[in-house]
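Novice: Next comes model.txt, compact mmCIF, C-alpha atoms:
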```txt
# COMPACT_ATOMS: atom_id res chain seq x y z
CA MET D 27 129.10 104.83 95.86
CA PRO D 28 126.59 107.65 96.36
CA HIS D 29 126.27 110.18 93.51
CA ILE D 30 126.90 113.06 95.93
CA GLU D 31 129.21 113.55 98.94
CA LEU D 32 126.95 112.69 101.88
CA ASN D 33 129.63 113.23 104.55
CA ASN D 34 128.48 110.10 106.35
CA ASP D 35 128.55 106.34 105.80
CA LEU D 36 125.01 105.48 106.90
CA PRO D 37 123.07 102.94 104.84
CA GLY D 38 120.17 103.74 102.50
CA ILE D 39 117.78 106.54 103.31
CA ARG D 40 119.51 107.06 106.66
CA GLY D 41 122.50 108.59 104.91
CA LEU D 42 120.24 110.84 102.83
CA MET D 43 118.26 111.96 105.88
CA ALA D 44 121.50 112.84 107.69
CA PHE D 45 122.61 114.85 104.63
CA SER D 46 119.31 116.74 104.53
CA PRO D 47 117.86 116.97 108.08
CA ASP D 48 115.34 119.69 107.11
CA THR D 49 113.48 117.35 104.76
CA ALA D 50 114.16 114.33 107.01
CA GLU D 51 111.97 115.83 109.73
CA PRO D 52 108.58 115.74 107.92
CA LEU D 53 109.58 112.52 106.12
CA GLY D 54 110.14 110.78 109.47
CA VAL D 55 106.83 112.00 110.91
CA PHE D 56 104.99 111.02 107.72
CA THR D 57 106.52 107.52 107.63
CA GLU D 58 105.64 106.87 111.26
CA ILE D 59 101.95 107.59 110.50
CA ILE D 60 101.62 105.68 107.24
CA LEU D 61 103.51 102.58 108.42
CA ARG D 62 102.79 102.37 112.13
CA SER D 63 99.20 103.54 112.45
CA ASN D 64 96.95 100.89 113.91
CA ILE D 65 93.73 102.37 112.57
CA GLY D 66 92.32 100.22 109.79
CA LEU D 67 95.34 98.49 108.29
CA THR D 68 97.77 96.88 110.72
CA PRO D 69 101.48 97.75 110.78
CA VAL D 70 102.22 94.32 109.24
CA GLU D 71 99.86 94.98 106.33
CA ARG D 72 101.38 98.41 105.83
CA GLU D 73 104.92 97.02 105.77
CA LEU D 74 103.87 94.28 103.35
CA ILE D 75 102.52 96.91 100.94
CA GLY D 76 105.79 98.85 101.24
CA THR D 77 107.82 95.69 100.68
CA TYR D 78 105.81 94.69 97.62
CA VAL D 79 106.04 98.14 96.00
CA SER D 80 109.79 98.36 96.69
CA TYR D 81 110.21 94.91 95.14
CA LEU D 82 108.33 96.06 92.02
CA ASN D 83 110.52 99.18 91.90
CA ASP D 84 113.60 96.94 92.21
CA CYS D 85 114.95 98.91 95.18
CA PHE D 86 117.20 96.44 97.01
CA TYR D 87 117.69 98.53 100.14
CA CYS D 88 114.02 99.44 100.74
CA HIS D 89 112.67 96.08 99.73
CA ASN D 90 114.93 94.08 102.03
CA SER D 91 114.62 96.61 104.88
CA HIS D 92 110.82 96.55 104.91
CA ALA D 93 110.66 92.79 104.31
CA GLU D 94 112.66 92.35 107.53
CA ILE D 95 110.43 94.75 109.47
CA ALA D 96 107.31 92.86 108.29
CA CYS D 97 109.06 89.62 109.18
CA TYR D 98 109.83 90.93 112.68
CA TYR D 99 106.17 91.84 113.26
CA LEU D 100 105.18 88.39 111.97
CA GLY D 101 107.41 86.69 114.51
CA GLY D 102 109.91 85.57 111.87
CA ASP D 103 107.54 84.28 109.18
CA LYS D 104 109.84 84.99 106.26
CA GLU D 105 107.97 82.52 104.08
CA LEU D 106 104.84 84.68 104.13
CA VAL D 107 106.82 87.82 103.30
CA ASP D 108 108.42 86.00 100.36
CA GLN D 109 105.02 84.83 99.13
CA VAL D 110 103.69 88.40 99.17
CA ARG D 111 106.58 90.02 97.34
CA LYS D 112 106.73 87.32 94.67
CA ASN D 113 103.01 86.88 94.05
CA PRO D 114 100.38 88.32 96.39
CA GLU D 115 97.60 86.49 94.50
CA THR D 116 98.79 83.10 95.77
CA ALA D 117 100.06 84.28 99.16
CA ASN D 118 98.51 83.08 102.39
CA ILE D 119 96.87 86.43 103.20
CA SER D 120 93.31 87.75 103.49
CA ASN D 121 91.25 88.51 100.38
CA LYS D 122 91.07 92.09 101.55
CA LEU D 123 94.86 92.47 101.60
CA LYS D 124 95.09 90.75 98.21
CA ALA D 125 92.63 93.26 96.78
CA LEU D 126 94.59 96.15 98.31
CA LEU D 127 97.88 94.81 96.95
CA ARG D 128 96.28 94.72 93.49
CA ILE D 129 95.56 98.44 93.86
CA ALA D 130 99.15 98.96 95.06
CA GLY D 131 100.47 97.16 91.98
CA GLN D 132 98.40 99.43 89.76
CA ALA D 133 99.39 102.66 91.54
CA GLN D 134 103.06 101.64 91.38
CA LYS D 135 102.83 101.90 87.58
CA GLY D 136 101.10 105.29 87.78
CA GLY D 137 98.10 106.89 89.45
CA LYS D 138 95.88 106.56 86.39
CA TYR D 139 96.40 102.77 86.31
CA VAL D 140 94.19 102.30 89.39
CA THR D 141 90.85 101.00 88.14
CA ALA D 142 87.37 101.56 89.57
CA GLU D 143 86.95 97.75 89.39
CA ALA D 144 89.96 97.13 91.63
CA VAL D 145 88.64 99.70 94.13
CA ALA D 146 85.13 98.17 94.04
CA LYS D 147 86.61 94.71 94.63
CA ALA D 148 88.58 95.94 97.65
CA LYS D 149 85.44 97.54 99.11
CA GLN D 150 83.58 94.28 98.54
CA GLU D 151 86.27 92.49 100.57
CA GLY D 152 85.70 94.90 103.45
CA ALA D 153 88.23 97.65 102.78
CA THR D 154 87.14 101.09 104.02
CA ASP D 155 87.79 104.37 102.23
CA LYS D 156 90.61 105.00 104.70
CA ASP D 157 92.18 101.58 103.93
CA ILE D 158 92.09 102.41 100.21
CA HIS D 159 93.45 105.88 100.85
CA ASP D 160 96.30 104.52 102.96
CA THR D 161 97.11 101.80 100.42
CA VAL D 162 97.44 104.34 97.61
CA LEU D 163 99.43 106.72 99.81
CA ILE D 164 101.80 104.01 101.07
CA THR D 165 102.36 102.91 97.46
CA ALA D 166 102.95 106.49 96.34
CA ALA D 167 105.30 107.06 99.28
CA PHE D 168 107.43 104.04 98.36
CA CYS D 169 107.56 105.27 94.77
CA MET D 170 109.20 108.32 96.35
CA PHE D 171 111.48 106.53 98.85
CA ASN D 172 112.70 104.02 96.25
CA ARG D 173 113.55 106.84 93.81
CA TYR D 174 115.21 108.95 96.50
CA VAL D 175 117.42 106.04 97.63
CA ASP D 176 118.42 104.69 94.22
CA GLY D 177 118.36 108.07 92.46
CA LEU D 178 121.21 109.28 94.69
CA GLY D 179 122.93 105.91 94.73
CA ALA D 180 122.57 105.63 98.52
CA ILE D 181 124.83 103.12 100.28
CA THR D 182 123.20 99.71 99.99
CA PRO D 183 124.61 97.03 102.29
CA SER D 184 124.91 93.76 100.35
CA ASP D 185 125.26 91.78 103.59
CA LEU D 186 121.67 90.69 104.27
CA SER D 187 122.51 89.81 107.88
CA THR D 188 122.61 93.55 108.71
CA TYR D 189 118.98 94.13 107.73
CA PRO D 190 117.26 92.36 110.66
CA LEU D 191 119.26 94.51 113.10
CA ARG D 192 117.90 97.74 111.66
CA ALA D 193 114.45 96.16 111.34
CA LYS D 194 114.38 95.38 115.07
CA GLN D 195 115.42 98.97 115.83
CA VAL D 196 112.54 100.37 113.73
CA ALA D 197 110.01 97.85 115.07
CA GLU D 198 110.91 98.80 118.65
CA LYS D 199 111.41 102.56 118.31
CA GLY D 200 109.47 103.53 115.20
CA TYR D 201 110.50 105.82 112.36
CA GLY D 202 111.97 109.29 112.82
CA ASN D 203 115.26 111.08 113.19
CA HIS D 204 116.69 108.60 115.70
CA ILE D 205 117.45 106.23 112.80
CA PHE D 206 120.28 108.48 111.68
CA LYS D 207 121.04 110.36 114.89
CA SER D 208 121.59 107.40 117.21
CA PRO D 209 124.34 104.77 116.76
CA GLN D 210 123.59 102.16 114.12
CA PRO D 211 122.60 98.77 115.57
CA THR D 212 125.27 96.09 115.52
CA ALA D 213 125.17 92.36 116.19
CA ALA D 214 125.61 91.39 119.84
CA LYS D 215 129.14 90.12 120.40
CA MET U 7 84.66 110.78 90.31
CA PRO U 8 87.08 110.16 93.20
CA HIS U 9 87.50 106.52 94.28
CA ILE U 10 86.78 107.44 97.93
CA LYS U 11 84.52 109.97 99.70
CA VAL U 12 86.58 113.13 99.83
CA PRO U 13 85.08 116.66 100.15
CA GLU U 14 83.15 117.39 96.95
CA GLY U 15 84.30 120.03 94.50
CA VAL U 16 87.70 120.43 96.20
CA PRO U 17 90.46 119.90 93.65
CA GLY U 18 93.43 117.51 93.71
CA ILE U 19 95.61 116.91 96.72
CA ARG U 20 93.69 119.51 98.73
CA SER U 21 90.68 117.16 98.90
CA LEU U 22 92.94 114.27 99.97
CA VAL U 23 94.68 116.09 102.82
CA MET U 24 91.28 117.30 104.04
CA PHE U 25 90.22 113.64 104.10
CA ARG U 26 93.34 112.60 106.03
CA PRO U 27 94.91 115.67 107.76
CA GLU U 28 97.31 113.52 109.85
CA THR U 29 99.30 112.59 106.75
CA GLY U 30 98.51 115.89 105.03
CA LYS U 31 100.40 117.93 107.61
CA PRO U 32 103.88 116.43 107.09
CA LEU U 33 103.25 116.24 103.31
CA TYR U 34 102.54 119.99 103.12
CA GLU U 35 105.55 120.67 105.36
CA LEU U 36 107.72 118.64 102.99
CA ALA U 37 106.40 120.57 99.97
CA GLN U 38 106.99 123.88 101.75
CA ILE U 39 110.63 123.03 102.62
CA LEU U 40 111.41 121.54 99.21
CA LEU U 41 109.80 124.27 97.12
CA ARG U 42 110.04 127.34 99.39
CA GLY U 43 112.88 126.56 101.82
CA LYS U 44 116.40 127.97 101.65
CA SER U 45 118.07 126.84 98.44
CA SER U 46 120.40 128.12 95.75
CA LEU U 47 117.76 127.02 93.23
CA SER U 48 115.05 129.67 92.88
CA GLU U 49 111.47 128.90 93.85
CA ALA U 50 110.55 129.29 90.17
CA GLU U 51 113.17 126.68 89.17
CA ARG U 52 112.01 124.22 91.82
CA GLU U 53 108.37 124.61 90.78
CA LEU U 54 109.47 123.99 87.20
CA ILE U 55 111.15 120.70 88.18
CA ALA U 56 107.88 119.73 89.92
CA ALA U 57 105.80 120.64 86.85
CA TYR U 58 108.20 118.82 84.51
CA VAL U 59 108.03 115.56 86.51
CA SER U 60 104.24 115.85 86.84
CA ALA U 61 103.95 116.32 83.06
CA ARG U 62 106.03 113.17 82.52
CA ASN U 63 103.73 111.33 84.93
CA ASN U 64 100.75 112.64 82.99
CA CYS U 65 99.26 114.17 86.15
CA MET U 66 97.18 117.06 84.83
CA PHE U 67 96.34 118.54 88.24
CA CYS U 68 99.92 118.68 89.57
CA MET U 69 101.39 119.72 86.22
CA SER U 70 98.90 122.56 85.69
CA SER U 71 99.09 123.92 89.23
CA HIS U 72 102.89 123.82 89.56
CA ALA U 73 103.39 125.19 86.04
CA ALA U 74 101.09 128.06 87.02
CA ALA U 75 103.07 128.69 90.22
CA SER U 76 106.33 128.57 88.26
CA ARG U 77 105.05 131.04 85.62
CA CYS U 78 103.92 133.39 88.38
CA LEU U 79 107.36 133.16 90.07
CA TYR U 80 109.30 133.63 86.82
CA GLY U 81 107.32 136.81 86.05
CA ASP U 82 108.70 138.41 82.86
CA GLU U 83 110.62 135.23 82.03
CA MET U 84 107.62 132.88 82.33
CA ASP U 85 108.00 131.68 78.73
CA VAL U 86 110.67 129.25 79.88
CA VAL U 87 108.02 127.16 81.68
CA ASP U 88 106.04 126.17 78.59
CA ASP U 89 109.25 125.99 76.61
CA VAL U 90 110.57 123.30 79.01
CA LEU U 91 107.26 121.44 79.11
CA ASN U 92 107.16 121.32 75.28
CA ASP U 93 110.75 120.25 74.63
CA MET U 94 113.13 120.44 77.57
CA GLN U 95 116.36 119.66 75.68
CA HIS U 96 115.80 122.42 73.12
CA SER U 97 114.32 124.92 75.58
CA LYS U 98 115.89 128.19 76.64
CA ALA U 99 116.46 126.94 80.19
CA SER U 100 120.04 127.34 81.43
CA ASP U 101 122.48 124.46 80.93
CA LYS U 102 122.42 123.82 84.67
CA MET U 103 118.62 123.62 84.75
CA LYS U 104 118.63 121.31 81.74
CA ALA U 105 121.11 119.00 83.48
CA LEU U 106 119.01 118.97 86.67
CA LEU U 107 115.80 118.42 84.69
CA ASN U 108 117.52 115.54 82.91
CA ILE U 109 118.26 113.95 86.29
CA ALA U 110 114.68 114.62 87.44
CA GLY U 111 113.39 112.93 84.27
CA LYS U 112 115.53 109.86 84.99
CA VAL U 113 114.25 109.72 88.58
CA GLN U 114 110.70 109.88 87.24
CA ILE U 115 111.38 106.63 85.35
CA LEU U 116 113.14 104.93 88.28
CA GLY U 117 115.96 105.76 90.70
CA LYS U 118 118.44 103.43 89.04
CA GLU U 119 118.12 105.28 85.73
CA VAL U 120 120.29 108.07 87.15
CA LYS U 121 123.83 107.29 85.97
CA PRO U 122 127.16 108.74 87.12
CA GLU U 123 127.44 110.55 83.75
CA ASP U 124 124.12 112.37 84.36
CA VAL U 125 125.46 113.60 87.70
CA ALA U 126 128.87 114.47 86.19
CA ALA U 127 127.12 116.48 83.46
CA ALA U 128 125.17 118.43 86.09
CA ARG U 129 128.35 119.12 88.06
CA ALA U 130 130.09 120.36 84.92
CA THR U 131 127.43 123.08 84.63
CA GLY U 132 128.11 124.17 88.21
CA ALA U 133 125.36 122.24 90.04
CA THR U 134 126.23 121.59 93.69
CA ASP U 135 125.64 118.38 95.64
CA LYS U 136 122.75 120.07 97.47
CA GLU U 137 121.15 121.11 94.17
CA ILE U 138 121.49 117.57 92.79
CA HIS U 139 120.01 116.19 96.03
CA ASP U 140 117.10 118.62 95.84
CA ALA U 141 116.40 117.86 92.17
CA VAL U 142 116.27 114.12 92.97
CA LEU U 143 114.08 114.59 96.04
CA ILE U 144 111.67 116.96 94.25
CA ALA U 145 111.38 114.44 91.39
CA ALA U 146 110.85 111.56 93.85
CA THR U 147 108.32 113.56 95.87
CA PHE U 148 106.28 114.40 92.78
CA SER U 149 106.41 110.76 91.73
CA MET U 150 104.55 110.29 95.01
CA PHE U 151 102.15 113.26 94.80
CA ASN U 152 101.20 112.41 91.18
CA ARG U 153 100.30 108.84 92.17
CA TYR U 154 98.43 110.01 95.26
CA VAL U 155 96.35 112.53 93.29
CA ASP U 156 95.54 110.32 90.28
CA GLY U 157 95.54 106.99 92.16
CA LEU U 158 92.49 108.18 94.11
CA ALA U 159 91.04 109.92 91.03
CA SER U 160 90.77 113.26 92.81
CA PHE U 161 88.89 116.11 91.13
CA THR U 162 90.93 117.73 88.34
CA PRO U 163 89.59 121.11 87.13
CA THR U 164 89.95 121.71 83.38
CA ASP U 165 89.61 125.52 83.30
CA PRO U 166 93.09 127.14 82.94
CA ALA U 167 91.85 130.20 84.87
CA VAL U 168 91.39 128.02 87.97
CA TYR U 169 95.06 127.02 87.82
CA GLU U 170 96.23 130.58 87.25
CA GLU U 171 94.48 131.57 90.46
CA MET U 172 95.94 128.53 92.23
CA GLY U 173 99.44 129.42 91.04
CA LYS U 174 99.06 132.92 92.48
CA ARG U 175 97.94 131.54 95.81
CA MET U 176 100.83 129.03 95.90
CA THR U 177 103.23 131.91 95.19
CA GLU U 178 101.79 134.24 97.81
CA LYS U 179 100.96 131.83 100.61
CA GLY U 180 103.12 128.78 100.00
CA TYR U 181 101.87 125.37 101.11
CA VAL U 182 99.38 125.80 103.93
CA LEU U 183 97.28 122.87 105.10
CA PRO U 184 93.55 123.51 104.49
CA PRO U 185 91.16 122.97 107.41
CA PRO U 186 90.04 119.31 107.75
CA ALA U 187 86.74 118.12 106.25
CA LYS U 188 83.82 118.22 108.70
```
Using structure tokens, write down the structure that the file contains.
Specialist:
Amino acid sequence: MPHIELNNDLPGIRGLMAFSPDTAEPLGVFTEIILRSNIGLTPVERELIGTYVSYLNDCFYCHNSHAEIACYYLGGDKELVDQVRKNPETANISNKLKALLRIAGQAQKGGKYVTAEAVAKAKQEGATDKDIHDTVLITAAFCMFNRYVDGLGAITPSDLSTYPLRAKQVAEKGYGNHIFKSPQPTAAK
Amino acid sequence: MPHIKVPEGVPGIRSLVMFRPETGKPLYELAQILLRGKSSLSEAERELIAAYVSARNNCMFCMSSHAAASRCLYGDEMDVVDDVLNDMQHSKASDKMKALLNIAGKVQILGKEVKPEDVAAARATGATDKEIHDAVLIAATFSMFNRYVDGLASFTPTDPAVYEEMGKRMTEKGYVLPPPAK
């Protein structure tokens, strides 16, 4: 049960955004840019960083939501998503993404944990300044989202079959206010 | 030295949003709404929550700048800022502020650390649902800003006078996106 009266029964951050539409507006715009931009990192890579950080922060709602969005982009390759969240070092991903996920794992602990060595390694694997910037910002953003969702005890569906429905909605329409203003997706009857 | 090529000599988050104005714009808008928007918590109180979380995250730039803004906004009562940063529980902050700062401190550790009794304690001092929401979101947002600023090793001035000036500007102008780097 949420810690405050949200006056709605929407899951996760959706319920919080509906409670506080003023802050939801810039949050939606911000999320669309950091997770859906195609410049440098791909949307899949961005979602994998978000999934990994949410997993480290033990945020059930965010971690499963973004795992399903990554999975959708990957055409259903859940195995790869599982590999990344459990241990990026052994996952079947590029060396560049591995190096960036190492930076993400450091920044998740705290900004000062990011080492010059980890940054140099990522650059060596072909990461640009913008890729490194976006990796740190996506990590920082999920350290916010995860705390916002769990800190207010947002509604967290335990039924994992509901997550792919919302994932498909986000993959098709992006982030923004529609995720709490339009009807929640339901399974086709 | 910053980990990436941001404008030289520009401090903290300012250098980062000049590097990437697309993300800077909604981030500054969020800060403006959270810290300057309509709320039953004063701007000084909200800046103090931001400074308190930044201190716990050991982010010198964010802590110093938001503490300076809070002092400026508190005016004659600015002592409370350093009092809270030194020892929140024994500070002269109101019981309601202490309860909200306690929640913010739990959020800084991790969302799940906030327990129903923390929220009940805040309510008992008169905190509303909106105030509890705002305390959690400010704490979460600064858990982001602190990581953004230090994770890219942005320039952190050490001269207190620089922050005093910054605090004045934040009080007078609010959060206005600087022009992008050329």
Novice: Which polymer residues, protein or nucleic acid, are no farther than 12 Å from (115.4, 119.7, 108.5), counting all atoms listed in the file, as a ChimeraX atom specification?
Specialist: /D:42-55,202-203 /U:35-36,38-40,43-44
Novice: Quick one: everything within 9 Å of U:Asn152, counting only C-alpha atoms, minus sequence neighbours fewer than 4 positions away in the same chain. Send it as a PDB file with C-alpha atoms, in the coordinates of the input.
Specialist:
```pdb
ATOM      1  CA  GLY D 136     101.100 105.290  87.780  1.00  0.00           C
ATOM      2  CA  GLY D 137      98.100 106.890  89.450  1.00  0.00           C
ATOM      3  CA  ALA D 166     102.950 106.490  96.340  1.00  0.00           C
TER       4      ALA D 166
ATOM      5  CA  VAL U  59     108.030 115.560  86.510  1.00  0.00           C
ATOM      6  CA  SER U  60     104.240 115.850  86.840  1.00  0.00           C
ATOM      7  CA  ASN U  63     103.730 111.330  84.930  1.00  0.00           C
ATOM      8  CA  ASN U  64     100.750 112.640  82.990  1.00  0.00           C
ATOM      9  CA  CYS U  65      99.260 114.170  86.150  1.00  0.00           C
ATOM     10  CA  MET U  66      97.180 117.060  84.830  1.00  0.00           C
ATOM     11  CA  PHE U  67      96.340 118.540  88.240  1.00  0.00           C
ATOM     12  CA  CYS U  68      99.920 118.680  89.570  1.00  0.00           C
ATOM     13  CA  MET U  69     101.390 119.720  86.220  1.00  0.00           C
ATOM     14  CA  THR U 147     108.320 113.560  95.870  1.00  0.00           C
ATOM     15  CA  PHE U 148     106.280 114.400  92.780  1.00  0.00           C
ATOM     16  CA  ASP U 156      95.540 110.320  90.280  1.00  0.00           C
ATOM     17  CA  GLY U 157      95.540 106.990  92.160  1.00  0.00           C
TER      18      GLY U 157
END
```
Novice: Hey, list the chain D side of the contact with chain U: 8 Å cut-off, all atoms listed in the file, answer as a VMD selection string.
Specialist: chain D and resid 29 to 31 48 to 49 52 to 53 55 to 56 59 to 60 83 133 to 134 136 to 140 142 145 155 158 to 159 162 to 163 166 to 179
Novice: Which residue gives the smallest distance to U:Ser100 among U:Glu137, U:Asp88, U:Glu51, U:Glu14, with all atoms listed in the file counted?
Specialist: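 Smallest separation from U:Ser100 among the options: U:Glu51.
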Novice: Do you know which residues are at most 7 Å from U:Ala50 counting all atoms listed in the file, after dropping those on the same chain fewer than 4 positions away, and could you put them as an MDAnalysis selection string?
Specialist: chainID U and resid 54 76 79:80
Novice: For atom CA of D:Arg62 and atom CA of D:Gln195, quote the distance in Å rounded to one decimal.
Specialist: 13.6 Å
Novice: Could you list, as a PyMOL selection string, every residue within 9 Å of D:Val110, counting all atoms listed in the file and ignoring same-chain residues fewer than 3 positions away?
Specialist: chain D and resi 74-75+77-78+105-107+113-119+124+127
Novice: Find the spatial neighbours of stretch 127-132 of chain U, counting all atoms listed in the file, within a cut-off of 9 Å - ignore same-chain residues fewer than 6 positions away - and output them as an mmCIF file with C-alpha atoms, in the coordinates of the input.
Specialist:
```cif
data_model
loop_
_atom_site.group_PDB
_atom_site.id
_atom_site.type_symbol
_atom_site.label_atom_id
_atom_site.label_comp_id
_atom_site.auth_asym_id
_atom_site.auth_seq_id
_atom_site.Cartn_x
_atom_site.Cartn_y
_atom_site.Cartn_z
ATOM 1 C CA ASP U 101 122.480 124.460 80.930
ATOM 2 C CA LYS U 102 122.420 123.820 84.670
ATOM 3 C CA MET U 103 118.620 123.620 84.750
ATOM 4 C CA LYS U 104 118.630 121.310 81.740
ATOM 5 C CA ALA U 105 121.110 119.000 83.480
ATOM 6 C CA LEU U 106 119.010 118.970 86.670
ATOM 7 C CA ASN U 108 117.520 115.540 82.910
ATOM 8 C CA ILE U 109 118.260 113.950 86.290
ATOM 9 C CA ILE U 138 121.490 117.570 92.790
#
```
Novice: Name the residues in contact with stretch 89-92 of chain D at a cut-off of 12 Å, using only C-alpha atoms, excluding same-chain residues fewer than 6 positions from it; report them as a ChimeraX atom specification.
Specialist: /D:37-40,61,69-83,98-99,104,107-108,110-112,168-169,171-172,175-176,182-197,201
Novice: Between atom CA of U:Lys98 and atom CA of U:Met84, what is the distance, to one decimal in Å?
Specialist: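 If I compute the distance from atom CA of U:Lys98 to atom CA of U:Met84, I get 11.1 Å.
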Novice: Please determine, counting only C-alpha atoms, which residue among D:Ile205, D:Ala130, D:Ala125, D:Ile164 has the shortest atom-to-atom distance to D:Ser63.
Specialist: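 Between D:Ile205, D:Ala130, D:Ala125, D:Ile164, the residue approaching D:Ser63 most closely is D:Ile164.
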Novice: What is the atom CA of U:Ser21 to atom CA of D:Ile65 distance in Å?
Specialist: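 It comes out at 20.4 Å.
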Novice: Could the centre and edge lengths of an axis-aligned box, enclosing all atoms of stretch 120-129 of chain U in the file with 4 Å extra on each side, be given in Å to one decimal as JSON?
Specialist:
```
{"center_x": 124.6, "center_y": 113.2, "center_z": 85.8, "size_x": 16.6, "size_y": 19.8, "size_z": 12.6}
```
Novice: Using the structure block above, produce a file of stretch 96-102 of chain D that contains all heavy atoms, as a compact mmCIF listing (two decimals), in the first residue's frame.
Specialist:
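The resulting file, decode.txt, is reproduced below:
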```txt
# COMPACT_ATOMS: atom_id res chain seq x y z
N ALA D 96 13.20 -3.54 -22.73
CA ALA D 96 14.41 -3.97 -23.44
C ALA D 96 14.12 -5.25 -24.22
O ALA D 96 14.50 -5.39 -25.39
CB ALA D 96 15.55 -4.20 -22.44
N CYS D 97 13.42 -6.15 -23.57
CA CYS D 97 13.07 -7.44 -24.18
C CYS D 97 12.22 -7.23 -25.44
O CYS D 97 12.42 -7.88 -26.46
CB CYS D 97 12.31 -8.26 -23.13
SG CYS D 97 12.01 -9.93 -23.62
N TYR D 98 11.29 -6.29 -25.35
CA TYR D 98 10.44 -5.98 -26.51
C TYR D 98 11.29 -5.49 -27.68
O TYR D 98 11.15 -5.96 -28.81
CB TYR D 98 9.40 -4.92 -26.11
CG TYR D 98 8.40 -4.62 -27.20
CD1 TYR D 98 7.20 -5.33 -27.29
CD2 TYR D 98 8.65 -3.64 -28.17
CE1 TYR D 98 6.28 -5.06 -28.30
CE2 TYR D 98 7.74 -3.36 -29.18
CZ TYR D 98 6.55 -4.07 -29.24
OH TYR D 98 5.65 -3.81 -30.24
N TYR D 99 12.19 -4.56 -27.39
CA TYR D 99 13.08 -4.04 -28.46
C TYR D 99 13.94 -5.16 -29.05
O TYR D 99 14.33 -5.11 -30.20
CB TYR D 99 14.02 -2.96 -27.91
CG TYR D 99 13.38 -1.63 -27.54
CD1 TYR D 99 13.91 -0.88 -26.48
CD2 TYR D 99 12.31 -1.11 -28.24
CE1 TYR D 99 13.36 0.35 -26.14
CE2 TYR D 99 11.75 0.12 -27.90
CZ TYR D 99 12.29 0.85 -26.85
OH TYR D 99 11.76 2.07 -26.50
N LEU D 100 14.30 -6.13 -28.19
CA LEU D 100 15.19 -7.21 -28.62
C LEU D 100 14.41 -8.35 -29.29
O LEU D 100 14.97 -9.42 -29.54
CB LEU D 100 15.96 -7.77 -27.42
CG LEU D 100 17.10 -6.90 -26.87
CD1 LEU D 100 17.48 -7.33 -25.47
CD2 LEU D 100 18.29 -6.95 -27.81
N GLY D 101 13.13 -8.11 -29.54
CA GLY D 101 12.33 -9.14 -30.20
C GLY D 101 12.10 -10.35 -29.31
O GLY D 101 11.98 -11.48 -29.81
N GLY D 102 12.08 -10.13 -27.99
CA GLY D 102 11.73 -11.21 -27.07
C GLY D 102 12.92 -11.97 -26.49
O GLY D 102 12.75 -13.02 -25.88
```
